[in-house]
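Source file upload.txt; content: compact mmCIF, C-alpha atoms.
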# COMPACT_ATOMS: atom_id res chain seq x y z
CA MET A 1 37.67 -45.42 -85.75
CA THR A 2 35.45 -42.95 -87.53
CA THR A 3 32.59 -43.01 -85.04
CA LYS A 4 33.01 -39.32 -84.27
CA THR A 5 32.22 -38.19 -87.80
CA ARG A 6 29.06 -40.21 -88.11
CA PRO A 7 25.87 -38.16 -88.43
CA LEU A 8 23.86 -37.73 -85.26
CA SER A 9 20.22 -38.65 -85.07
CA PRO A 10 17.92 -35.63 -85.52
CA HIS A 11 18.66 -33.02 -82.91
CA LEU A 12 16.03 -32.34 -80.26
CA SER A 13 15.17 -29.01 -81.87
CA ALA A 14 13.99 -30.86 -84.99
CA TYR A 15 10.96 -32.05 -83.08
CA LYS A 16 7.80 -30.05 -82.53
CA PHE A 17 6.81 -29.39 -78.93
CA ARG A 18 4.36 -32.01 -77.76
CA ILE A 19 2.75 -32.26 -74.33
CA THR A 20 3.42 -36.02 -74.28
CA SER A 21 7.17 -35.71 -74.91
CA ALA A 22 7.50 -32.78 -72.49
CA LEU A 23 5.81 -34.79 -69.74
CA SER A 24 8.01 -37.78 -70.57
CA ILE A 25 11.27 -35.92 -70.00
CA LEU A 26 9.79 -34.17 -66.95
CA HIS A 27 9.19 -37.64 -65.46
CA ARG A 28 12.90 -38.39 -65.76
CA LEU A 29 13.93 -34.96 -64.49
CA THR A 30 11.71 -35.24 -61.42
CA GLY A 31 12.95 -38.82 -60.90
CA VAL A 32 16.57 -37.70 -60.83
CA ALA A 33 15.69 -34.71 -58.63
CA LEU A 34 13.78 -36.92 -56.21
CA SER A 35 16.80 -39.22 -56.04
CA LEU A 36 18.74 -36.23 -54.71
CA GLY A 37 15.81 -35.75 -52.34
CA ALA A 38 16.34 -39.32 -51.13
CA VAL A 39 19.92 -38.32 -50.26
CA LEU A 40 18.56 -35.40 -48.21
CA LEU A 41 16.02 -37.73 -46.56
CA ILE A 42 18.84 -40.03 -45.48
CA GLY A 43 20.76 -36.92 -44.35
CA TRP A 44 17.76 -36.18 -42.12
CA ILE A 45 17.93 -39.68 -40.60
CA LEU A 46 21.73 -39.40 -40.17
CA ALA A 47 21.22 -36.07 -38.39
CA ILE A 48 18.68 -37.64 -36.04
CA ALA A 49 21.11 -40.47 -35.30
CA SER A 50 23.94 -37.99 -34.63
CA GLY A 51 22.08 -36.43 -31.71
CA GLU A 52 20.09 -33.32 -30.98
CA THR A 53 22.85 -30.76 -31.71
CA ALA A 54 23.50 -32.15 -35.18
CA TYR A 55 19.76 -32.35 -35.75
CA GLN A 56 19.30 -28.69 -34.86
CA HIS A 57 21.86 -27.78 -37.56
CA PHE A 58 19.92 -29.80 -40.10
CA ALA A 59 16.58 -28.40 -38.93
CA GLY A 60 18.01 -24.89 -39.05
CA PHE A 61 18.92 -25.31 -42.70
CA ALA A 62 15.67 -27.04 -43.61
CA GLY A 63 13.71 -24.31 -41.83
CA SER A 64 15.52 -21.45 -43.58
CA TRP A 65 13.92 -19.83 -46.63
CA PHE A 66 16.32 -21.72 -48.90
CA GLY A 67 15.56 -25.07 -47.24
CA GLN A 68 11.83 -24.38 -47.46
CA LEU A 69 12.20 -23.48 -51.14
CA ILE A 70 13.94 -26.81 -51.80
CA ILE A 71 11.24 -28.73 -49.90
CA ALA A 72 8.50 -26.81 -51.76
CA GLY A 73 10.14 -27.86 -55.04
CA PHE A 74 10.35 -31.49 -53.94
CA VAL A 75 6.63 -31.41 -53.14
CA PHE A 76 5.79 -30.67 -56.77
CA GLY A 77 8.40 -33.15 -58.07
CA PHE A 78 6.99 -35.84 -55.82
CA TYR A 79 3.36 -35.36 -56.84
CA TYR A 80 4.25 -35.14 -60.51
CA HIS A 81 6.39 -38.29 -60.44
CA LEU A 82 3.67 -40.08 -58.46
CA CYS A 83 0.81 -39.12 -60.81
CA ASN A 84 2.77 -39.64 -64.01
CA GLY A 85 4.18 -42.89 -62.59
CA ILE A 86 0.62 -44.18 -62.22
CA ARG A 87 0.02 -43.10 -65.85
CA HIS A 88 3.09 -45.14 -66.85
CA LEU A 89 1.78 -48.17 -64.96
CA PHE A 90 -1.42 -48.03 -67.02
CA TRP A 91 0.72 -48.03 -70.17
CA ASP A 92 2.66 -51.00 -68.81
CA ALA A 93 -0.67 -52.80 -68.49
CA GLY A 94 -1.31 -52.02 -72.17
CA LYS A 95 -3.97 -49.37 -71.61
CA GLY A 96 -4.29 -45.74 -72.72
CA PHE A 97 -2.06 -45.70 -75.79
CA GLU A 98 -4.46 -43.85 -78.11
CA MET A 99 -3.16 -40.34 -78.83
CA SER A 100 -6.31 -38.67 -77.50
CA THR A 101 -6.16 -40.75 -74.29
CA ALA A 102 -2.44 -40.09 -73.83
CA ARG A 103 -3.00 -36.34 -74.19
CA ALA A 104 -5.98 -36.39 -71.83
CA SER A 105 -4.17 -38.45 -69.18
CA GLY A 106 -1.21 -36.10 -69.52
CA GLY A 107 -3.45 -33.12 -68.85
CA ALA A 108 -5.00 -34.95 -65.89
CA VAL A 109 -1.53 -35.62 -64.48
CA VAL A 110 -0.54 -31.95 -64.75
CA GLY A 111 -3.82 -30.84 -63.17
CA ALA A 112 -3.67 -33.38 -60.35
CA SER A 113 -0.03 -32.71 -59.48
CA ILE A 114 -0.48 -28.93 -59.49
CA GLY A 115 -3.64 -29.25 -57.37
CA LEU A 116 -2.03 -31.58 -54.84
CA THR A 117 1.04 -29.33 -54.70
CA ILE A 118 -1.05 -26.23 -53.95
CA VAL A 119 -2.99 -28.07 -51.22
CA THR A 120 0.28 -29.26 -49.65
CA TRP A 121 1.88 -25.81 -49.89
CA ALA A 122 -1.20 -24.40 -48.18
CA PHE A 123 -0.72 -26.89 -45.32
CA MET A 124 3.01 -26.11 -45.14
CA PHE A 125 2.99 -22.32 -45.32
CA VAL A 126 -0.48 -20.99 -44.62
CA LEU A 127 -2.44 -23.24 -42.27
CA MET B 1 15.44 -76.56 -84.19
CA SER B 2 16.59 -74.14 -81.56
CA LEU B 3 20.29 -73.44 -81.19
CA LYS B 4 19.80 -72.58 -77.53
CA SER B 5 21.25 -74.92 -74.94
CA PRO B 6 18.67 -76.66 -72.73
CA LEU B 7 19.96 -74.68 -69.74
CA GLY B 8 19.68 -71.39 -71.65
CA ARG B 9 16.13 -72.23 -72.63
CA VAL B 10 15.14 -72.96 -69.03
CA LEU B 11 16.74 -69.78 -67.66
CA GLY B 12 15.18 -67.72 -70.46
CA LEU B 13 17.55 -64.78 -69.89
CA GLY B 14 18.61 -64.03 -73.48
CA SER B 15 21.93 -62.46 -74.46
CA ALA B 16 21.69 -59.67 -71.88
CA LYS B 17 21.80 -62.35 -69.14
CA SER B 18 19.40 -60.52 -66.91
CA GLY B 19 16.00 -61.13 -68.48
CA THR B 20 13.17 -58.88 -67.37
CA GLU B 21 14.33 -58.57 -63.77
CA HIS B 22 15.21 -54.86 -63.99
CA TRP B 23 11.97 -53.90 -65.72
CA TRP B 24 9.86 -56.00 -63.39
CA SER B 25 11.60 -54.73 -60.21
CA GLN B 26 11.11 -51.15 -61.32
CA ARG B 27 7.35 -51.70 -61.74
CA LEU B 28 6.98 -53.57 -58.45
CA THR B 29 8.84 -50.88 -56.47
CA ALA B 30 6.85 -48.19 -58.32
CA ILE B 31 3.55 -49.80 -57.31
CA ALA B 32 4.77 -50.18 -53.73
CA MET B 33 5.86 -46.52 -53.65
CA VAL B 34 2.31 -45.30 -54.33
CA PRO B 35 0.88 -46.13 -50.87
CA LEU B 36 4.24 -45.89 -49.06
CA SER B 37 5.09 -42.38 -50.26
CA LEU B 38 1.56 -41.04 -49.73
CA TRP B 39 1.59 -42.45 -46.23
CA PHE B 40 4.98 -40.77 -45.62
CA VAL B 41 3.59 -37.41 -46.76
CA VAL B 42 0.58 -37.82 -44.44
CA GLN B 43 2.95 -38.63 -41.56
CA MET B 44 4.97 -35.50 -42.33
CA PHE B 45 1.78 -33.42 -42.21
CA GLY B 46 1.14 -34.66 -38.69
CA MET B 47 4.66 -33.93 -37.48
CA SER B 48 5.26 -30.54 -35.90
CA SER B 49 8.02 -28.80 -37.82
CA PHE B 50 11.42 -30.36 -37.11
CA ASP B 51 10.76 -31.44 -33.54
CA TYR B 52 13.67 -33.70 -32.53
CA ASN B 53 11.71 -36.16 -30.40
CA ALA B 54 8.88 -36.51 -32.91
CA ALA B 55 11.38 -37.15 -35.72
CA ARG B 56 13.24 -39.67 -33.56
CA ALA B 57 10.07 -41.53 -32.66
CA PHE B 58 9.08 -41.66 -36.34
CA VAL B 59 12.38 -43.16 -37.47
CA ALA B 60 12.63 -45.42 -34.42
CA ALA B 61 9.52 -47.38 -35.44
CA PRO B 62 11.37 -49.93 -37.58
CA VAL B 63 8.69 -50.56 -40.18
CA ASN B 64 8.38 -46.84 -40.94
CA ALA B 65 11.78 -45.98 -42.26
CA ILE B 66 13.06 -49.35 -43.41
CA LEU B 67 10.08 -50.25 -45.59
CA LEU B 68 9.93 -46.82 -47.22
CA LEU B 69 13.68 -46.33 -47.64
CA PHE B 70 14.33 -49.75 -49.12
CA THR B 71 11.62 -49.30 -51.74
CA LEU B 72 12.57 -45.68 -52.41
CA LEU B 73 16.29 -46.40 -52.83
CA TYR B 74 15.67 -49.47 -54.98
CA ASN B 75 13.25 -47.60 -57.25
CA SER B 76 15.64 -44.64 -57.45
CA MET B 77 18.65 -46.86 -58.17
CA LEU B 78 16.91 -48.67 -61.04
CA GLY B 79 15.65 -45.38 -62.48
CA THR B 80 18.94 -43.46 -62.39
CA GLN B 81 20.69 -46.52 -63.83
CA VAL B 82 18.46 -46.34 -66.91
CA VAL B 83 19.05 -42.58 -67.23
CA VAL B 84 22.83 -43.14 -67.26
CA GLU B 85 22.51 -46.05 -69.70
CA ASP B 86 20.48 -43.86 -72.04
CA TYR B 87 22.50 -40.65 -72.00
CA VAL B 88 26.10 -41.55 -71.19
CA ARG B 89 28.44 -43.36 -73.57
CA GLY B 90 31.61 -45.43 -73.49
CA ALA B 91 33.93 -45.77 -70.53
CA ARG B 92 32.23 -42.88 -68.73
CA LYS B 93 28.99 -44.87 -68.71
CA VAL B 94 30.61 -47.88 -67.04
CA VAL B 95 32.32 -45.70 -64.42
CA MET B 96 29.10 -43.84 -63.65
CA LEU B 97 27.10 -47.05 -63.33
CA VAL B 98 29.64 -48.49 -60.89
CA VAL B 99 29.86 -45.25 -58.88
CA LEU B 100 26.05 -45.00 -58.75
CA ARG B 101 25.71 -48.58 -57.55
CA PHE B 102 28.29 -48.03 -54.81
CA ALA B 103 26.66 -44.74 -53.81
CA TYR B 104 23.28 -46.44 -53.39
CA ILE B 105 24.78 -49.23 -51.32
CA ALA B 106 26.58 -46.66 -49.16
CA LEU B 107 23.35 -44.66 -48.73
CA GLY B 108 21.42 -47.78 -47.80
CA VAL B 109 24.02 -48.93 -45.29
CA ALA B 110 24.23 -45.43 -43.76
CA ALA B 111 20.45 -45.36 -43.44
CA ILE B 112 20.23 -48.82 -41.89
CA PHE B 113 23.04 -47.98 -39.47
CA SER B 114 21.32 -44.76 -38.38
CA ILE B 115 17.92 -46.39 -38.02
CA LEU B 116 19.37 -49.18 -35.86
CA LYS B 117 21.27 -46.64 -33.78
CA ILE B 118 18.09 -44.62 -33.24
CA SER B 119 15.72 -47.50 -32.58
CA LEU B 120 18.14 -49.39 -30.31
CA GLY B 121 18.48 -46.17 -28.34
CA THR B 122 22.25 -45.62 -28.45
CA ALA B 123 22.03 -42.25 -30.17
Would you mind giving the structure from this file in structure tokens?
Amino acid sequence: MTTKTRPLSPHLSAYKFRITSALSILHRLTGVALSLGAVLLIGWILAIASGETAYQHFAGFAGSWFGQLIIAGFVFGFYYHLCNGIRHLFWDAGKGFEMSTARASGGAVVGASIGLTIVTWAFMFVL
Amino acid sequence: MSLKSPLGRVLGLGSAKSGTEHWWSQRLTAIAMVPLSLWFVVQMFGMSSFDYNAARAFVAAPVNAILLLFTLLYNSMLGTQVVVEDYVRGARKVVMLVVLRFAYIALGVAAIFSILKISLGTA
């Protein structure tokens, strides 16, 4: 087999930075990250089921600065994946494929997810 | 004249044998996650930080956790499966797909077990 010597398709660095492609890979990254978040969410439920002592251990970690940092990160990942997921659903319905529309909806997604994240952070840490 | 067998034509699954089920399930769970996840976030806002009894009561209401977790895990499973299919090659891909599938089943079973334990009051 000579598969290993075959040329690779153009390396990522051959492509110019584009907001659309950056948002596309960010959708996958946040999706994978949120899947790890789902594991933590189930860990939360397992801790509740294991009784109050086990739950206090979990709550202690989640309440620490490191736990809060992780949760703060998940907040942005969640809002981004939600907003961009809705953008994807519009594409699935065959709408919004023009380059100008795709760029504008991308900007709207970034704006909305950052805005929602800041509001949520304010609720979590300030109010 | 089509070379497809009559059964193949009726099933309409093509050579991949799974048709559009994966694609369609991913969209349906994605649509369902929009209200479900937002509602979860709103619930979390209302919950005082890490109070045991409040958390218990939230998970004990069967619709709460089961509806959200099923949709979340299903959406996550379909999504990570595509990521592995896209970026991993050869035998490693097959192993990862199998491990992922088992991990999701284990997570789901662990979640269901815990929810039942909490809501039936044996915890």
query: When the cut-off is 6 Å and we count all atoms listed in the file, which residues of chain A are near chain B, given as a list in words?
result: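 Going by the stated atoms only, the list reads Ser35, Ile42, Leu46, Ala49 and Ala59 of chain A.
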Keeping C-alpha atoms, export the residues of the selection given above as an mmCIF file, keeping the file's coordinate frame.
data_model
loop_
_atom_site.group_PDB
_atom_site.id
_atom_site.type_symbol
_atom_site.label_atom_id
_atom_site.label_comp_id
_atom_site.auth_asym_id
_atom_site.auth_seq_id
_atom_site.Cartn_x
_atom_site.Cartn_y
_atom_site.Cartn_z
ATOM 1 C CA SER A 35 16.800 -39.220 -56.040
ATOM 2 C CA ILE A 42 18.840 -40.030 -45.480
ATOM 3 C CA LEU A 46 21.730 -39.400 -40.170
ATOM 4 C CA ALA A 49 21.110 -40.470 -35.300
ATOM 5 C CA ALA A 59 16.580 -28.400 -38.930
#
- request: Would you work out the distance separating CA of Lys16 (chain A) from CA of Lys95 (chain A), expressed in Å to one decimal?
  value: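 It comes out at 25.1 Å.
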message: So the first atom is CA of Gly73 (chain A) and the second is CA of Leu34 (chain A); what is the distance between them in Å, to one decimal place?
response: 9.8 Å
task: Might you pull out every residue within 9 Å of region 63-72 of chain A, with only C-alpha atoms counted and same-chain residues fewer than 2 positions away left off, and present them as a list of chain:residue names?
output: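 Close residues of region 63-72 of chain A: A:Gly37, A:Phe58, A:Ala59, A:Gly60, A:Phe61, A:Phe74, A:Val75, A:Phe76, A:Gly77, A:Thr117, A:Thr120, A:Trp121, A:Met124, B:Ser49, B:Phe50.
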Exercise on region 20-30 of chain A, axis-aligned box with 8 Å per side, report centre and edge lengths in Å to one decimal, as JSON:
{"center_x": 8.7, "center_y": -35.6, "center_z": -68.2, "size_x": 26.5, "size_y": 21.6, "size_z": 29.5}
field: Within-8 Å shell of (6.4, -49.8, -71.6) in input frame, all atoms listed in the file, as a PyMOL selection string
entry: chain A and resi 88+91-92
message: Please list as JSON, numbers by chain every residue within 9 Å of Leu23 (chain A), counting only C-alpha atoms and excluding residues in the same chain fewer than 4 positions away.
response: {"A": [18, 19, 27, 28, 84, 106, 110]}
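With distances restricted to all atoms listed in the file, A:Ser24 is the closest residue to His81 (chain A) from A:Ser105, A:Ser100, A:Ser24, A:Thr53.
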- prompt: Separation of CA of Leu12 (chain A) and CA of Val32 (chain A), in Å?
  reply: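 Value for the CA of Leu12 (chain A)-CA of Val32 (chain A) distance: 20.2 Å.
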query: Which of these, A:Leu8, A:Val119, A:Met99, A:Ile48, has the shortest distance to Ala57 (chain B) once you count all atoms listed in the file?
result: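 Ranked by minimum distance to Ala57 (chain B), first place goes to A:Ile48.
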Filled-in N, CA and C atoms of region 23-47 of chain A, supplied as an mmCIF file, in the frame of the given file:
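result_37.cif was written with the following content:
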data_model
loop_
_atom_site.group_PDB
_atom_site.id
_atom_site.type_symbol
_atom_site.label_atom_id
_atom_site.label_comp_id
_atom_site.auth_asym_id
_atom_site.auth_seq_id
_atom_site.Cartn_x
_atom_site.Cartn_y
_atom_site.Cartn_z
ATOM 1 N N LEU A 23 6.103 -34.115 -71.000
ATOM 2 C CA LEU A 23 5.810 -34.790 -69.740
ATOM 3 C C LEU A 23 6.733 -35.984 -69.540
ATOM 4 N N SER A 24 7.128 -36.614 -70.656
ATOM 5 C CA SER A 24 8.010 -37.780 -70.570
ATOM 6 C C SER A 24 9.363 -37.393 -69.979
ATOM 7 N N ILE A 25 9.949 -36.307 -70.503
ATOM 8 C CA ILE A 25 11.270 -35.920 -70.000
ATOM 9 C C ILE A 25 11.148 -35.329 -68.595
ATOM 10 N N LEU A 26 9.986 -34.701 -68.306
ATOM 11 C CA LEU A 26 9.790 -34.170 -66.950
ATOM 12 C C LEU A 26 9.731 -35.315 -65.927
ATOM 13 N N HIS A 27 9.226 -36.483 -66.362
ATOM 14 C CA HIS A 27 9.190 -37.640 -65.460
ATOM 15 C C HIS A 27 10.603 -38.037 -65.068
ATOM 16 N N ARG A 28 11.504 -38.038 -66.052
ATOM 17 C CA ARG A 28 12.900 -38.390 -65.760
ATOM 18 C C ARG A 28 13.555 -37.324 -64.897
ATOM 19 N N LEU A 29 13.319 -36.048 -65.258
ATOM 20 C CA LEU A 29 13.930 -34.960 -64.490
ATOM 21 C C LEU A 29 13.494 -35.010 -63.024
ATOM 22 N N THR A 30 12.181 -35.188 -62.804
ATOM 23 C CA THR A 30 11.710 -35.240 -61.420
ATOM 24 C C THR A 30 12.243 -36.490 -60.725
ATOM 25 N N GLY A 31 12.396 -37.591 -61.480
ATOM 26 C CA GLY A 31 12.950 -38.820 -60.900
ATOM 27 C C GLY A 31 14.363 -38.609 -60.401
ATOM 28 N N VAL A 32 15.187 -37.966 -61.233
ATOM 29 C CA VAL A 32 16.570 -37.700 -60.830
ATOM 30 C C VAL A 32 16.599 -36.720 -59.656
ATOM 31 N N ALA A 33 15.738 -35.681 -59.725
ATOM 32 C CA ALA A 33 15.690 -34.710 -58.630
ATOM 33 C C ALA A 33 15.267 -35.378 -57.328
ATOM 34 N N LEU A 34 14.258 -36.255 -57.411
ATOM 35 C CA LEU A 34 13.780 -36.920 -56.210
ATOM 36 C C LEU A 34 14.827 -37.883 -55.645
ATOM 37 N N SER A 35 15.704 -38.391 -56.524
ATOM 38 C CA SER A 35 16.800 -39.220 -56.040
ATOM 39 C C SER A 35 17.735 -38.391 -55.159
ATOM 40 N N LEU A 36 17.957 -37.133 -55.563
ATOM 41 C CA LEU A 36 18.740 -36.230 -54.710
ATOM 42 C C LEU A 36 17.967 -35.956 -53.408
ATOM 43 N N GLY A 37 16.641 -35.912 -53.526
ATOM 44 C CA GLY A 37 15.810 -35.750 -52.340
ATOM 45 C C GLY A 37 15.953 -36.923 -51.387
ATOM 46 N N ALA A 38 16.125 -38.130 -51.953
ATOM 47 C CA ALA A 38 16.340 -39.320 -51.130
ATOM 48 C C ALA A 38 17.632 -39.181 -50.330
ATOM 49 N N VAL A 39 18.650 -38.566 -50.967
ATOM 50 C CA VAL A 39 19.920 -38.320 -50.260
ATOM 51 C C VAL A 39 19.671 -37.391 -49.072
ATOM 52 N N LEU A 40 18.870 -36.338 -49.299
ATOM 53 C CA LEU A 40 18.560 -35.400 -48.210
ATOM 54 C C LEU A 40 17.749 -36.097 -47.115
ATOM 55 N N LEU A 41 16.846 -36.992 -47.524
ATOM 56 C CA LEU A 41 16.020 -37.730 -46.560
ATOM 57 C C LEU A 41 16.912 -38.583 -45.659
ATOM 58 N N ILE A 42 17.918 -39.223 -46.265
ATOM 59 C CA ILE A 42 18.840 -40.030 -45.480
ATOM 60 C C ILE A 42 19.726 -39.119 -44.620
ATOM 61 N N GLY A 43 20.043 -37.912 -45.155
ATOM 62 C CA GLY A 43 20.760 -36.920 -44.350
ATOM 63 C C GLY A 43 19.978 -36.558 -43.098
ATOM 64 N N TRP A 44 18.654 -36.468 -43.246
ATOM 65 C CA TRP A 44 17.760 -36.180 -42.120
ATOM 66 C C TRP A 44 17.874 -37.280 -41.067
ATOM 67 N N ILE A 45 17.847 -38.548 -41.526
ATOM 68 C CA ILE A 45 17.930 -39.680 -40.600
ATOM 69 C C ILE A 45 19.310 -39.725 -39.937
ATOM 70 N N LEU A 46 20.370 -39.454 -40.727
ATOM 71 C CA LEU A 46 21.730 -39.400 -40.170
ATOM 72 C C LEU A 46 21.827 -38.328 -39.093
ATOM 73 N N ALA A 47 21.182 -37.172 -39.360
ATOM 74 C CA ALA A 47 21.220 -36.070 -38.390
ATOM 75 C C ALA A 47 20.513 -36.466 -37.100
#
